[in-house]
>>> print(open('my_file.cif').read())   # mmCIF, C-alpha atoms
data_structure
#
loop_
_atom_site.label_atom_id
_atom_site.label_comp_id
_atom_site.auth_asym_id
_atom_site.auth_seq_id
_atom_site.Cartn_x
_atom_site.Cartn_y
_atom_site.Cartn_z
CA MET A 64 -34.60 -5.26 37.91
CA ASN A 65 -37.81 -5.93 36.03
CA PRO A 66 -39.40 -2.55 35.03
CA ASP A 67 -42.86 -4.08 35.46
CA ASN A 68 -42.06 -4.98 39.08
CA HIS A 69 -40.85 -1.42 39.69
CA THR A 70 -44.09 -0.03 38.19
CA ASN A 71 -46.22 -2.39 40.29
CA SER A 72 -44.31 -1.35 43.40
CA ASN A 73 -44.88 2.34 42.65
CA ASN A 74 -48.57 1.70 41.99
CA GLN A 75 -48.87 -0.18 45.27
CA ASP A 76 -47.33 2.76 47.14
CA LEU A 77 -49.66 5.19 45.40
CA ARG A 78 -52.69 3.07 46.25
CA HIS A 79 -51.72 2.98 49.91
CA LYS A 80 -51.08 6.73 49.89
CA LEU A 81 -54.46 7.46 48.31
CA LEU A 82 -56.32 5.12 50.66
CA SER A 83 -54.57 6.65 53.65
CA SER A 84 -55.61 10.14 52.56
CA VAL A 85 -59.21 9.28 51.71
CA THR A 86 -59.95 7.09 54.73
CA GLY A 87 -58.09 9.39 57.12
CA SER A 88 -61.42 10.96 58.05
CA TRP A 89 -61.79 8.24 60.70
CA MET A 90 -59.12 10.01 62.72
CA ALA A 91 -61.10 13.25 62.76
CA GLN A 92 -64.08 11.46 64.28
CA ALA A 93 -61.95 9.49 66.75
CA ALA A 94 -60.34 12.70 68.00
CA TYR A 95 -63.73 14.45 68.09
CA VAL A 96 -65.30 11.71 70.21
CA ALA A 97 -62.30 11.66 72.54
CA ALA A 98 -62.60 15.43 73.00
CA GLU A 99 -66.38 15.35 73.41
CA LEU A 100 -66.09 12.64 76.09
CA ASN A 101 -63.22 14.51 77.81
CA ILE A 102 -61.07 11.39 77.76
CA PRO A 103 -57.75 13.34 77.74
CA ASP A 104 -58.88 15.37 80.79
CA LEU A 105 -59.75 12.18 82.65
CA LEU A 106 -56.34 10.68 81.84
CA LEU A 107 -54.71 13.87 83.06
CA GLU A 108 -56.06 13.03 86.54
CA GLY A 109 -54.04 9.81 86.46
CA PRO A 110 -53.79 6.46 84.61
CA LYS A 111 -57.16 4.69 84.24
CA THR A 112 -58.18 1.13 83.45
CA ILE A 113 -60.72 0.49 80.73
CA SER A 114 -63.29 -0.37 83.40
CA GLU A 115 -62.69 2.90 85.24
CA LEU A 116 -63.00 4.90 82.05
CA SER A 117 -66.09 3.06 80.86
CA ASN A 118 -67.85 3.45 84.22
CA ASN A 119 -66.94 7.14 84.40
CA LEU A 120 -68.05 7.89 80.84
CA GLN A 121 -71.07 5.55 80.78
CA THR A 122 -69.92 3.93 77.55
CA ASP A 123 -69.83 0.40 76.19
CA LYS A 124 -66.61 -1.15 77.48
CA LYS A 125 -65.76 -3.07 74.30
CA ALA A 126 -66.51 -0.10 72.05
CA LEU A 127 -64.46 2.24 74.25
CA THR A 128 -61.52 -0.18 74.01
CA LYS A 129 -61.69 0.09 70.23
CA LEU A 130 -61.66 3.89 70.47
CA LEU A 131 -58.71 3.90 72.86
CA ASN A 132 -56.77 1.57 70.56
CA ALA A 133 -57.40 4.07 67.76
CA LEU A 134 -56.21 6.93 69.97
CA ILE A 135 -53.04 4.99 70.76
CA ALA A 136 -52.44 4.50 67.02
CA MET A 137 -52.87 8.26 66.56
CA GLY A 138 -50.48 9.10 69.39
CA LEU A 139 -53.17 10.69 71.57
CA CYS A 140 -52.83 8.26 74.50
CA ARG A 141 -50.78 5.21 75.46
CA LYS A 142 -51.13 2.03 77.47
CA THR A 143 -48.89 1.45 80.49
CA ASP A 144 -47.32 -1.76 81.79
CA GLN A 145 -50.04 -1.83 84.47
CA ASP A 146 -52.73 -2.23 81.79
CA THR A 147 -53.95 1.32 82.28
CA PHE A 148 -54.28 4.18 79.82
CA THR A 149 -52.53 7.52 80.18
CA TYR A 150 -52.09 10.71 78.17
CA THR A 151 -49.38 11.70 75.70
CA GLU A 152 -47.94 15.11 74.91
CA MET A 153 -50.12 15.36 71.81
CA GLY A 154 -53.12 14.16 73.79
CA LEU A 155 -52.73 17.19 76.04
CA LEU A 156 -53.80 19.32 73.05
CA LEU A 157 -57.28 17.83 73.51
CA THR A 158 -57.55 18.85 77.16
CA GLU A 159 -59.82 21.75 77.99
CA ASN A 160 -57.42 23.95 79.94
CA SER A 161 -54.18 23.42 78.05
CA PRO A 162 -52.69 26.75 76.87
CA ASP A 163 -52.19 25.07 73.49
CA SER A 164 -55.57 23.32 73.41
CA LEU A 165 -57.27 22.52 70.10
CA ARG A 166 -60.24 20.82 71.77
CA SER A 167 -62.93 23.27 70.67
CA TRP A 168 -61.72 23.34 67.05
CA ILE A 169 -61.71 19.54 66.88
CA ILE A 170 -65.22 19.39 68.37
CA TRP A 171 -66.36 22.03 65.85
CA TRP A 172 -64.79 20.14 62.96
CA GLY A 173 -66.18 16.78 64.04
CA SER A 174 -69.70 18.05 64.67
CA ASN A 175 -70.71 21.28 62.92
CA LEU A 176 -68.54 20.87 59.82
CA TRP A 177 -68.92 17.12 59.43
CA GLU A 178 -72.21 17.00 57.53
CA PRO A 179 -71.38 19.99 55.29
CA TRP A 180 -68.14 18.27 54.25
CA GLY A 181 -70.21 15.21 53.36
CA ASN A 182 -72.07 17.45 50.91
CA LEU A 183 -69.03 18.95 49.20
CA LEU A 184 -70.36 17.69 45.87
CA TYR A 185 -73.34 20.05 46.19
CA SER A 186 -71.01 23.02 46.82
CA VAL A 187 -68.74 22.17 43.90
CA ARG A 188 -71.71 21.84 41.55
CA THR A 189 -73.41 25.05 42.67
CA GLY A 190 -70.69 27.22 44.24
CA ASN A 191 -72.99 27.58 47.25
CA SER A 192 -72.65 26.64 50.92
CA SER A 193 -73.65 23.06 51.63
CA ARG A 194 -74.28 24.05 55.26
CA GLU A 195 -76.79 26.67 54.14
CA HIS A 196 -78.31 24.03 51.86
CA LEU A 197 -78.68 21.68 54.84
CA THR A 198 -79.80 24.17 57.49
CA GLY A 199 -81.54 26.84 55.43
CA LYS A 200 -79.47 29.48 57.23
CA SER A 201 -76.66 31.53 55.71
CA GLY A 202 -73.51 32.91 57.29
CA PHE A 203 -73.53 32.39 61.04
CA LYS A 204 -77.30 32.51 61.48
CA HIS A 205 -77.34 28.84 62.43
CA LEU A 206 -75.64 29.89 65.69
CA GLU A 207 -78.10 32.61 66.67
CA ASN A 208 -80.37 30.32 68.67
CA ASN A 209 -77.69 27.87 69.71
CA PRO A 210 -75.47 29.52 72.36
CA GLU A 211 -73.59 26.30 73.13
CA GLN A 212 -72.52 25.81 69.51
CA ALA A 213 -71.71 29.53 69.25
CA LYS A 214 -69.43 29.23 72.26
CA VAL A 215 -67.68 26.19 70.75
CA PHE A 216 -67.18 28.10 67.49
CA ASN A 217 -65.73 31.21 69.14
CA SER A 218 -63.54 29.10 71.41
CA ALA A 219 -62.30 27.25 68.32
CA LEU A 220 -61.37 30.59 66.73
CA VAL A 221 -59.49 31.52 69.92
CA GLU A 222 -57.46 28.33 69.60
CA LEU A 223 -56.62 28.88 65.93
CA THR A 224 -55.83 32.56 66.47
CA ARG A 225 -53.58 31.67 69.40
CA MET A 226 -51.56 29.47 67.04
CA ALA A 227 -51.05 32.37 64.63
CA ALA A 228 -50.92 35.35 67.01
CA LYS A 229 -47.23 35.16 67.91
CA ASP A 230 -46.17 35.20 64.25
CA ILE A 231 -48.60 38.03 63.50
CA ILE A 232 -47.43 40.33 66.30
CA ASN A 233 -43.79 39.61 65.47
CA SER A 234 -44.31 40.32 61.76
CA TYR A 235 -45.88 43.76 62.03
CA ASP A 236 -45.18 46.87 64.12
CA PHE A 237 -48.51 47.58 65.82
CA SER A 238 -46.90 50.15 68.16
CA LYS A 239 -47.24 52.89 65.51
CA HIS A 240 -51.02 52.85 65.98
CA LYS A 241 -52.65 54.43 69.01
CA ILE A 242 -56.09 52.80 68.78
CA ILE A 243 -56.42 49.42 67.08
CA ALA A 244 -59.88 48.13 66.16
CA ASP A 245 -60.34 44.39 65.68
CA ILE A 246 -63.40 44.08 63.47
CA GLY A 247 -65.23 40.79 63.92
CA GLY A 248 -62.59 40.00 66.52
CA GLY A 249 -64.50 37.26 68.32
CA PHE A 250 -63.33 36.73 71.88
CA GLY A 251 -60.37 39.05 71.25
CA GLU A 252 -57.45 36.62 71.25
CA LEU A 253 -55.42 38.58 68.68
CA LEU A 254 -56.18 41.96 70.22
CA ILE A 255 -55.15 40.67 73.65
CA ALA A 256 -51.81 39.51 72.21
CA ILE A 257 -51.27 42.90 70.51
CA LEU A 258 -52.04 44.89 73.65
CA LYS A 259 -49.81 42.70 75.80
CA LYS A 260 -46.84 43.37 73.53
CA ASN A 261 -47.58 47.08 72.92
CA ASN A 262 -48.23 48.83 76.22
CA ASP A 263 -48.95 52.23 74.64
CA CYS A 264 -51.70 50.92 72.36
CA SER A 265 -55.42 50.82 73.11
CA GLY A 266 -57.91 48.42 71.58
CA LEU A 267 -61.43 48.42 70.24
CA LEU A 268 -63.22 45.10 69.84
CA PHE A 269 -66.18 45.09 67.46
CA ASP A 270 -68.48 42.09 67.10
CA LEU A 271 -71.98 40.80 67.71
CA SER A 272 -73.55 41.36 71.12
CA SER A 273 -73.21 37.85 72.59
CA THR A 274 -69.61 37.54 71.41
CA VAL A 275 -68.58 40.89 72.89
CA GLU A 276 -69.98 39.94 76.31
CA GLU A 277 -67.80 36.81 76.38
CA ALA A 278 -64.80 38.82 75.17
CA LYS A 279 -65.16 41.21 78.10
CA LYS A 280 -64.59 38.28 80.48
CA ARG A 281 -61.36 37.34 78.73
CA PHE A 282 -60.04 40.92 78.80
CA ARG A 283 -60.99 41.15 82.47
CA ASN A 284 -58.97 37.99 83.21
CA GLU A 285 -55.98 39.53 81.42
CA ASN A 286 -56.36 42.86 83.28
CA LEU A 287 -56.81 44.64 79.93
CA THR A 288 -60.37 45.94 80.26
CA SER A 289 -59.22 49.51 80.89
CA ARG A 290 -57.28 49.51 77.61
CA CYS A 291 -60.08 48.28 75.36
CA GLU A 292 -63.45 49.61 74.23
CA PHE A 293 -66.13 47.04 73.40
CA VAL A 294 -68.60 47.89 70.66
CA LYS A 295 -71.52 45.73 69.54
CA GLY A 296 -72.81 45.86 66.00
CA ASP A 297 -73.09 44.48 62.49
CA PHE A 298 -70.09 45.30 60.29
CA PHE A 299 -72.27 45.15 57.18
CA LYS A 300 -74.21 48.15 58.51
CA SER A 301 -71.66 50.46 60.15
CA LEU A 302 -68.33 50.60 61.99
CA PRO A 303 -66.89 52.77 64.79
CA ASP A 304 -64.92 55.74 63.48
CA ASN A 305 -62.40 56.39 66.25
CA ALA A 306 -59.55 53.96 65.46
CA ASP A 307 -56.18 54.48 63.78
CA ALA A 308 -55.92 50.93 62.49
CA TYR A 309 -58.66 48.48 61.50
CA ILE A 310 -57.92 44.75 61.56
CA LEU A 311 -59.89 42.21 59.55
CA LYS A 312 -58.45 38.83 60.52
CA SER A 313 -60.00 35.75 58.91
CA VAL A 314 -63.12 37.79 58.11
CA LEU A 315 -63.14 38.36 54.36
CA HIS A 316 -62.69 34.67 53.58
CA ASP A 317 -66.12 34.04 55.17
CA TRP A 318 -67.97 36.14 52.59
CA ASN A 319 -68.60 36.36 48.87
CA ARG A 320 -67.36 39.24 46.73
CA GLU A 321 -70.47 41.38 47.19
CA LYS A 322 -70.36 41.11 50.98
CA CYS A 323 -66.62 41.83 51.04
CA LEU A 324 -67.13 44.99 48.99
CA ASN A 325 -69.87 46.04 51.43
CA LEU A 326 -67.58 45.54 54.43
CA LEU A 327 -64.57 47.24 52.85
CA GLU A 328 -66.72 50.21 51.82
CA ASN A 329 -67.85 50.54 55.44
CA CYS A 330 -64.21 50.53 56.50
CA TRP A 331 -63.39 53.25 53.96
CA LYS A 332 -66.26 55.44 55.20
CA VAL A 333 -64.89 55.67 58.77
CA MET A 334 -61.20 55.97 57.89
CA ASN A 335 -59.15 59.07 57.10
CA GLN A 336 -55.92 59.49 55.13
CA SER A 337 -53.79 58.55 58.14
CA SER A 338 -55.78 55.39 58.96
CA THR A 339 -54.50 51.90 58.22
CA LEU A 340 -56.38 48.79 57.16
CA LEU A 341 -54.79 45.45 58.07
CA ILE A 342 -56.19 42.38 56.35
CA ILE A 343 -54.84 39.16 57.86
CA GLU A 344 -55.71 36.18 55.72
CA GLN A 345 -54.28 33.10 54.06
CA ILE A 346 -53.35 34.04 50.50
CA LEU A 347 -53.71 31.37 47.86
CA PRO A 348 -50.77 30.68 45.52
CA ASP A 349 -51.17 31.29 41.82
CA GLN A 350 -50.18 27.67 41.27
CA PHE A 351 -50.75 24.77 43.69
CA SER A 352 -48.21 21.99 44.17
CA GLU A 353 -48.09 18.84 46.27
CA SER A 354 -47.01 20.08 49.71
CA ILE A 355 -48.27 20.14 53.29
CA ARG A 356 -48.60 23.94 53.19
CA HIS A 357 -50.69 23.88 50.03
CA GLN A 358 -52.84 21.10 51.45
CA SER A 359 -53.53 23.34 54.44
CA LEU A 360 -54.53 26.22 52.16
CA ALA A 361 -56.71 23.97 50.00
CA ARG A 362 -58.44 22.55 53.09
CA SER A 363 -59.20 26.05 54.36
CA ASP A 364 -60.41 27.17 50.94
CA LEU A 365 -62.83 24.24 50.64
CA THR A 366 -63.99 24.71 54.23
CA MET A 367 -65.03 28.26 53.44
CA LEU A 368 -66.84 26.95 50.36
CA ILE A 369 -68.96 24.40 52.22
CA ALA A 370 -69.55 26.71 55.18
CA HIS A 371 -70.24 30.00 53.42
CA GLY A 372 -70.06 29.60 49.67
CA ALA A 373 -66.91 31.74 49.90
CA GLY A 374 -63.19 30.98 50.14
CA GLU A 375 -59.59 32.09 50.42
CA ARG A 376 -58.27 34.46 47.74
CA THR A 377 -55.15 35.12 45.70
CA GLU A 378 -53.13 38.31 46.04
CA LEU A 379 -54.64 39.59 42.79
CA GLU A 380 -58.17 39.05 44.09
CA TYR A 381 -57.38 41.04 47.25
CA ARG A 382 -55.85 43.82 45.17
CA GLU A 383 -59.00 44.02 43.05
CA LEU A 384 -61.29 44.14 46.12
CA LEU A 385 -59.22 46.88 47.74
CA GLU A 386 -58.84 49.00 44.60
CA GLU A 387 -62.57 48.82 43.93
CA THR A 388 -63.35 50.11 47.44
CA GLY A 389 -60.84 52.98 47.44
CA PHE A 390 -57.76 51.42 49.04
CA LYS A 391 -54.20 50.90 47.89
CA ILE A 392 -51.86 48.23 49.21
CA ILE A 393 -48.77 49.51 50.96
CA LYS A 394 -47.13 46.15 51.56
CA ILE A 395 -47.80 42.47 52.12
CA LEU A 396 -45.93 40.71 54.91
CA PRO A 397 -45.68 36.96 55.57
CA ALA A 398 -46.88 36.10 59.07
CA GLY A 399 -46.13 32.50 59.89
CA TYR A 400 -46.98 29.25 58.17
CA THR A 401 -49.89 30.31 55.96
CA PHE A 402 -50.99 33.81 57.02
CA SER A 403 -50.09 37.13 55.45
CA ILE A 404 -50.69 40.72 56.55
CA ILE A 405 -51.94 43.09 53.85
CA GLU A 406 -51.37 46.69 54.90
CA ALA A 407 -53.54 49.15 52.98
CA GLU A 408 -54.68 52.77 53.23
CA PRO A 409 -57.48 54.87 51.73
CA VAL A 410 -56.68 56.84 48.60
#
>>> encode(input="my_file.cif", output="structure tokens")
Amino acid sequence: MNPDNHTNSNNQDLRHKLLSSVTGSWMAQAAYVAAELNIPDLLLEGPKTISELSNNLQTDKKALTKLLNALIAMGLCRKTDQDTFTYTEMGLLLTENSPDSLRSWIIWWGSNLWEPWGNLLYSVRTGNSSREHLTGKSGFKHLENNPEQAKVFNSALVELTRMAAKDIINSYDFSKHKIIADIGGGFGELLIAILKKNNDCSGLLFDLSSTVEEAKKRFRNENLTSRCEFVKGDFFKSLPDNADAYILKSVLHDWNREKCLNLLENCWKVMNQSSTLLIIEQILPDQFSESIRHQSLARSDLTMLIAHGAGERTELEYRELLEETGFKIIKILPAGYTFSIIEAEPV
């Protein structure tokens, strides 16, 4: 075999691999548009012709055909022998009421995060949020006057938390805590899962006013309202002081070091020697390698950069934050594919 031919073959494979990775963003937008138009929900009603779909959705027939062909290539729908389109098992993940739905997260990614990702260069050069650069609003302030986008965001967090919740509640014994406070807990997906598994535990959900009101509806639907207290507030100002365990899940990665120290200090102020702090985050490896898991971590890390000028952290970085605010780590437990549970207590 000619070594030059072997090298050319390898280079050809690498070129295709690189092009596939770089141009794969088209799939994010195809899935986003499908979710936004509710195409999977329409197909769930029964197979539809292109004319039926186009008339229902008020779209250009030829353009919709192109989109559906893309969705077929992605495995999100398929064409039947009767020249109609129907759903696939993966396509069900884009339906609104599926228990495993990722619809809201895909809409959030394809709309709210799309332009910030297009300005990653700004974030890499400055270390600052490209979304703040574009909107002039830091943190989650861009949602304050946009209740529809806020609802999509919180629903997206429900979907992502639902994916991780089973591993989290199976990795840690929450039953040893009487009152568990979920700080910045959103619509309460994790706390609901904890309370369902641990009948003797009570919950406390702490978040912004509009978020807490939506959370109450979810707890009511799960018949858990009597076991949970709902407190509205700003965790950078103060926290409730009547819990045994305080959970910060996917909270610290949203904020820079100064903000994290502020929040952890507020936790320390309301905790006693028997209280427990549980930080649930994705911990970065000391050394990255080429793997699907590390790609997931890198994607999350860069997402926090463009969104907040923040990011995921290494174990050492978490240790430094906790030690500086008066905590010591008791143990670190793996909790599923990328999450870890850091158990800490005040010293």
>>> atom_distance(input="my_file.cif", atom1="CA of Asn329 in chain A", atom2="CA of Glu344 in chain A")
18.8 Å
>>> atom_distance(input="my_file.cif", atom1="CA of Met226 in chain A", atom2="CA of Arg166 in chain A")
13.1 Å
>>> atom_distance(input="my_file.cif", atom1="CA of Ser167 in chain A", atom2="CA of Ile342 in chain A")
24.8 Å
>>> resolve_selection(input="my_file.cif", expression="the PyMOL selection byres ((chain A and resi 142) around 12)", output="list of chain:residue names")
A:Leu106, A:Pro110, A:Lys111, A:Thr112, A:Ile113, A:Thr128, A:Leu131, A:Asn132, A:Ala133, A:Leu134, A:Ile135, A:Ala136, A:Gly138, A:Leu139, A:Cys140, A:Arg141, A:Thr143, A:Asp144, A:Gln145, A:Asp146, A:Thr147, A:Phe148, A:Thr149, A:Tyr150, A:Thr151
>>> resolve_selection(input="my_file.cif", expression="the PyMOL selection byres ((chain A and resi 376-383) around 9)", output="PyMOL selection string")
chain A and resi 316+344-349+364+374-375+384-388+390-392+405
>>> resolve_selection(input="my_file.cif", expression="the PyMOL selection byres ((chain A and resi 401-403) around 10)", output="list in words")
Ala227, Asp230, Ile231, Ser234, Lys312, Ser313, Leu341, Ile342, Ile343, Glu344, Gln345, Ile346, Leu347, Arg356, His357, Ser359, Leu360, Glu378, Ile395, Leu396, Pro397, Ala398, Gly399, Tyr400, Ile404, Ile405 and Glu406 of chain A
>>> closest_residue(input="my_file.cif", among="A:Ser201, A:Asn74, A:Ser84, A:Thr158", to="Leu100 in chain A", atoms="all atoms listed in the file")
A:Thr158
>>> residues_around(input="my_file.cif", residues="Cys291 in chain A", least_positions_apart="2", cutoff="10 Å", atoms="all atoms listed in the file", output="PyMOL selection string")
chain A and resi 242-244+254-255+258+264-268+279+282+287-289+293-294
>>> write_last_selection(input="my_file.cif", atoms="C-alpha atoms", output="PDB file, keeping the file's coordinate frame")
ATOM      1  CA  ILE A 242     -56.090  52.800  68.780  1.00  0.00           C
ATOM      2  CA  ILE A 243     -56.420  49.420  67.080  1.00  0.00           C
ATOM      3  CA  ALA A 244     -59.880  48.130  66.160  1.00  0.00           C
ATOM      4  CA  LEU A 254     -56.180  41.960  70.220  1.00  0.00           C
ATOM      5  CA  ILE A 255     -55.150  40.670  73.650  1.00  0.00           C
ATOM      6  CA  LEU A 258     -52.040  44.890  73.650  1.00  0.00           C
ATOM      7  CA  CYS A 264     -51.700  50.920  72.360  1.00  0.00           C
ATOM      8  CA  SER A 265     -55.420  50.820  73.110  1.00  0.00           C
ATOM      9  CA  GLY A 266     -57.910  48.420  71.580  1.00  0.00           C
ATOM     10  CA  LEU A 267     -61.430  48.420  70.240  1.00  0.00           C
ATOM     11  CA  LEU A 268     -63.220  45.100  69.840  1.00  0.00           C
ATOM     12  CA  LYS A 279     -65.160  41.210  78.100  1.00  0.00           C
ATOM     13  CA  PHE A 282     -60.040  40.920  78.800  1.00  0.00           C
ATOM     14  CA  LEU A 287     -56.810  44.640  79.930  1.00  0.00           C
ATOM     15  CA  THR A 288     -60.370  45.940  80.260  1.00  0.00           C
ATOM     16  CA  SER A 289     -59.220  49.510  80.890  1.00  0.00           C
ATOM     17  CA  PHE A 293     -66.130  47.040  73.400  1.00  0.00           C
ATOM     18  CA  VAL A 294     -68.600  47.890  70.660  1.00  0.00           C
TER      19      VAL A 294
END
>>> closest_residue(input="my_file.cif", among="A:Ala306, A:Leu120, A:Leu271, A:Met90", to="Phe203 in chain A", atoms="all atoms listed in the file")
A:Leu271
>>> closest_residue(input="my_file.cif", among="A:Lys241, A:Arg78, A:Lys295, A:Lys322", to="Thr274 in chain A", atoms="only C-alpha atoms")
A:Lys295
>>> residues_around(input="my_file.cif", residues="Leu206 in chain A", least_positions_apart="4", cutoff="12 Å", atoms="only C-alpha atoms", output="MDAnalysis selection string")
chainID A and resid 175 198 200:202 210:217 271 273:274
>>> closest_residue(input="my_file.cif", among="A:Leu116, A:Leu130, A:Ala256, A:Leu165", to="Ala97 in chain A", atoms="all atoms listed in the file")
A:Leu130
>>> axis_aligned_box(input="my_file.cif", around="range 289-300 of chain A", padding_each_side="6 Å", output="JSON")
{"center_x": -65.7, "center_y": 47.0, "center_z": 69.0, "size_x": 28.9, "size_y": 17.1, "size_z": 35.7}
>>> closest_residue(input="my_file.cif", among="A:Val187, A:Val221, A:Val314, A:Cys323", to="Gly247 in chain A", atoms="only C-alpha atoms")
A:Val314
>>> closest_residue(input="my_file.cif", among="A:Ile393, A:Val333, A:Trp177, A:Gly372", to="Glu195 in chain A", atoms="all atoms listed in the file")
A:Gly372
>>> residues_around(input="my_file.cif", residues="Thr224 in chain A", least_positions_apart="4", cutoff="8 Å", atoms="all atoms listed in the file", output="VMD selection string")
chain A and resid 220 228 252 to 253
>>> residues_near_point(input="my_file.cif", point="(-68.8, 44.5, 60.4)", cutoff="8 Å", atoms="only C-alpha atoms", output="PyMOL selection string")
chain A and resi 246-247+269-270+296-302+326+329
